[in-house]
Amino acid sequence: MARTIVGIFDDVNGAQTTIAELEGKGFEREAISIVARSIPAPAPDVTENGEEPAGGVDPATSGAETGAILGGTLGVFAGIAALALPGLGAILAAGPLLAALTGAGIGAAAGGLLGALTNAGIPEERAVHYAEAVHRGSTLVAVTVDDDIAAEVAELMRRHGGGDIEERLAQWRAEGWTEEQSRLRT
């Protein structure tokens, strides 16, 4: 039987290292999903008196620059695409989750990332947690594996910084977050 293993990374380099190691173990890049919020564009230069230079920032190019920065960090990831999702805003995604988010997958993206994750076989309660992590700026890496190697893949993700979602949940709840807040965003 197959199950989807998910890692949540605060450092995109840990996600990239995980993907490289998964490829080294024989996983095709197209079988590995990655979802990350676009990083903010750099602040515009300011003049000596603290004002923006004439013309300010061109929003049409700042989004492209943002995608290029994060896309470059992720390396040459097959089929990486930028898209906007309700409740998340601009994200970069690749792999089977991208197919689900853009409607090419079974059950297409009714419900944005939450819908794509549940369509990938992740229980809705857990999918809400992963969507919240991405909302908060983490990078999600997911791969569907046979049960006999699931523990090995989960350990590989932990080794490269794929954090414990339970620790994050405890912190978020202490801050007043609820699952319902995440559901309402999607």
# chains A, B, ... in the order shown; residues from 1 in each chain; ligands from 1
>>> residues_around(residues="range 13-18 of chain A", least_positions_apart="5", cutoff="9 Å", atoms="only C-alpha atoms", output="list in words")
Gly7, Ile8, Glu23, Ile34, Thr73, Leu74, Gly75, Thr139, Leu140, Val141, Leu156, Met157, Arg159, His160, Gly161 and Gly162 of chain A
>>> select_by_dssp(residues="range 108-164 of chain A", states="helix (DSSP H, G or I)", output="PyMOL selection string")
chain A and resi 112-119+124-135+147-159
>>> write_last_selection(atoms="N, CA and C atoms", output="mmCIF file, in the first residue's frame")
data_model
loop_
_atom_site.group_PDB
_atom_site.id
_atom_site.type_symbol
_atom_site.label_atom_id
_atom_site.label_comp_id
_atom_site.auth_asym_id
_atom_site.auth_seq_id
_atom_site.Cartn_x
_atom_site.Cartn_y
_atom_site.Cartn_z
ATOM 1 N N GLY A 112 -8.193 24.631 -2.836
ATOM 2 C CA GLY A 112 -6.801 25.057 -2.882
ATOM 3 C C GLY A 112 -5.849 23.988 -2.393
ATOM 4 N N LEU A 113 -4.875 24.406 -1.593
ATOM 5 C CA LEU A 113 -3.861 23.473 -1.098
ATOM 6 C C LEU A 113 -4.494 22.394 -0.226
ATOM 7 N N LEU A 114 -5.451 22.770 0.590
ATOM 8 C CA LEU A 114 -6.134 21.788 1.432
ATOM 9 C C LEU A 114 -6.760 20.688 0.573
ATOM 10 N N GLY A 115 -7.433 21.066 -0.508
ATOM 11 C CA GLY A 115 -8.031 20.086 -1.405
ATOM 12 C C GLY A 115 -6.993 19.221 -2.093
ATOM 13 N N ALA A 116 -5.888 19.848 -2.529
ATOM 14 C CA ALA A 116 -4.830 19.085 -3.200
ATOM 15 C C ALA A 116 -4.209 18.068 -2.246
ATOM 16 N N LEU A 117 -3.990 18.464 -1.004
ATOM 17 C CA LEU A 117 -3.399 17.547 -0.028
ATOM 18 C C LEU A 117 -4.343 16.388 0.294
ATOM 19 N N THR A 118 -5.624 16.680 0.472
ATOM 20 C CA THR A 118 -6.560 15.587 0.762
ATOM 21 C C THR A 118 -6.713 14.677 -0.444
ATOM 22 N N ASN A 119 -6.654 15.241 -1.648
ATOM 23 C CA ASN A 119 -6.712 14.405 -2.858
ATOM 24 C C ASN A 119 -5.473 13.515 -2.969
ATOM 25 N N GLU A 124 -7.817 15.060 6.143
ATOM 26 C CA GLU A 124 -8.114 16.490 6.146
ATOM 27 C C GLU A 124 -7.550 17.216 7.364
ATOM 28 N N GLU A 125 -7.657 16.620 8.540
ATOM 29 C CA GLU A 125 -7.141 17.282 9.740
ATOM 30 C C GLU A 125 -5.649 17.586 9.597
ATOM 31 N N ARG A 126 -4.887 16.628 9.099
ATOM 32 C CA ARG A 126 -3.450 16.816 8.912
ATOM 33 C C ARG A 126 -3.190 17.784 7.761
ATOM 34 N N ALA A 127 -3.989 17.709 6.696
ATOM 35 C CA ALA A 127 -3.823 18.623 5.559
ATOM 36 C C ALA A 127 -3.992 20.075 6.000
ATOM 37 N N VAL A 128 -4.916 20.332 6.919
ATOM 38 C CA VAL A 128 -5.102 21.686 7.455
ATOM 39 C C VAL A 128 -3.804 22.153 8.120
ATOM 40 N N HIS A 129 -3.160 21.274 8.846
ATOM 41 C CA HIS A 129 -1.913 21.622 9.539
ATOM 42 C C HIS A 129 -0.803 21.954 8.532
ATOM 43 N N TYR A 130 -0.682 21.134 7.497
ATOM 44 C CA TYR A 130 0.348 21.380 6.485
ATOM 45 C C TYR A 130 0.071 22.671 5.713
ATOM 46 N N ALA A 131 -1.192 22.925 5.388
ATOM 47 C CA ALA A 131 -1.539 24.172 4.691
ATOM 48 C C ALA A 131 -1.199 25.379 5.566
ATOM 49 N N GLU A 132 -1.425 25.267 6.863
ATOM 50 C CA GLU A 132 -1.081 26.360 7.778
ATOM 51 C C GLU A 132 0.425 26.587 7.809
ATOM 52 N N ALA A 133 1.193 25.518 7.790
ATOM 53 C CA ALA A 133 2.652 25.661 7.779
ATOM 54 C C ALA A 133 3.117 26.411 6.535
ATOM 55 N N VAL A 134 2.541 26.080 5.378
ATOM 56 C CA VAL A 134 2.899 26.792 4.149
ATOM 57 C C VAL A 134 2.453 28.249 4.262
ATOM 58 N N HIS A 135 1.259 28.471 4.788
ATOM 59 C CA HIS A 135 0.768 29.840 4.985
ATOM 60 C C HIS A 135 1.749 30.652 5.826
ATOM 61 N N ASP A 147 4.558 1.447 1.752
ATOM 62 C CA ASP A 147 4.645 1.349 3.210
ATOM 63 C C ASP A 147 6.002 0.861 3.698
ATOM 64 N N ASP A 148 6.633 -0.049 2.942
ATOM 65 C CA ASP A 148 7.884 -0.643 3.413
ATOM 66 C C ASP A 148 9.047 0.350 3.477
ATOM 67 N N ILE A 149 8.963 1.496 2.813
ATOM 68 C CA ILE A 149 10.043 2.495 2.913
ATOM 69 C C ILE A 149 9.567 3.823 3.507
ATOM 70 N N ALA A 150 8.311 3.873 3.970
ATOM 71 C CA ALA A 150 7.748 5.117 4.514
ATOM 72 C C ALA A 150 8.566 5.641 5.694
ATOM 73 N N ALA A 151 8.936 4.780 6.623
ATOM 74 C CA ALA A 151 9.696 5.221 7.798
ATOM 75 C C ALA A 151 11.067 5.759 7.388
ATOM 76 N N GLU A 152 11.701 5.116 6.413
ATOM 77 C CA GLU A 152 13.011 5.570 5.928
ATOM 78 C C GLU A 152 12.908 6.964 5.299
ATOM 79 N N VAL A 153 11.877 7.197 4.497
ATOM 80 C CA VAL A 153 11.696 8.501 3.845
ATOM 81 C C VAL A 153 11.355 9.565 4.884
ATOM 82 N N ALA A 154 10.522 9.243 5.857
ATOM 83 C CA ALA A 154 10.198 10.194 6.922
ATOM 84 C C ALA A 154 11.451 10.578 7.700
ATOM 85 N N GLU A 155 12.306 9.611 7.995
ATOM 86 C CA GLU A 155 13.560 9.890 8.705
ATOM 87 C C GLU A 155 14.485 10.747 7.855
ATOM 88 N N LEU A 156 14.566 10.484 6.568
ATOM 89 C CA LEU A 156 15.373 11.303 5.654
ATOM 90 C C LEU A 156 14.918 12.757 5.734
ATOM 91 N N MET A 157 13.611 12.991 5.709
ATOM 92 C CA MET A 157 13.097 14.361 5.794
ATOM 93 C C MET A 157 13.439 15.004 7.132
ATOM 94 N N ARG A 158 13.281 14.272 8.217
ATOM 95 C CA ARG A 158 13.629 14.805 9.554
ATOM 96 C C ARG A 158 15.109 15.168 9.621
ATOM 97 N N ARG A 159 15.949 14.321 9.051
ATOM 98 C CA ARG A 159 17.394 14.533 9.081
ATOM 99 C C ARG A 159 17.795 15.849 8.411
#
>>> atom_distance(atom1="CA of Glu179 in chain A", atom2="CA of Pro86 in chain A")
16.2 Å
>>> atom_distance(atom1="CA of Gly121 in chain A", atom2="CA of Gly87 in chain A")
21.3 Å
>>> closest_residue(among="A:Leu22, A:Leu88, A:Val6, A:Ala81", to="Gly137 in chain A", atoms="only C-alpha atoms")
A:Leu88
>>> residues_around(residues="Ala99 in chain A", least_positions_apart="2", cutoff="12 Å", atoms="only C-alpha atoms", output="number ranges by chain")
A: 30-35, 79-81, 83, 93-97, 101-109, 112-113, 115-117, 119-120
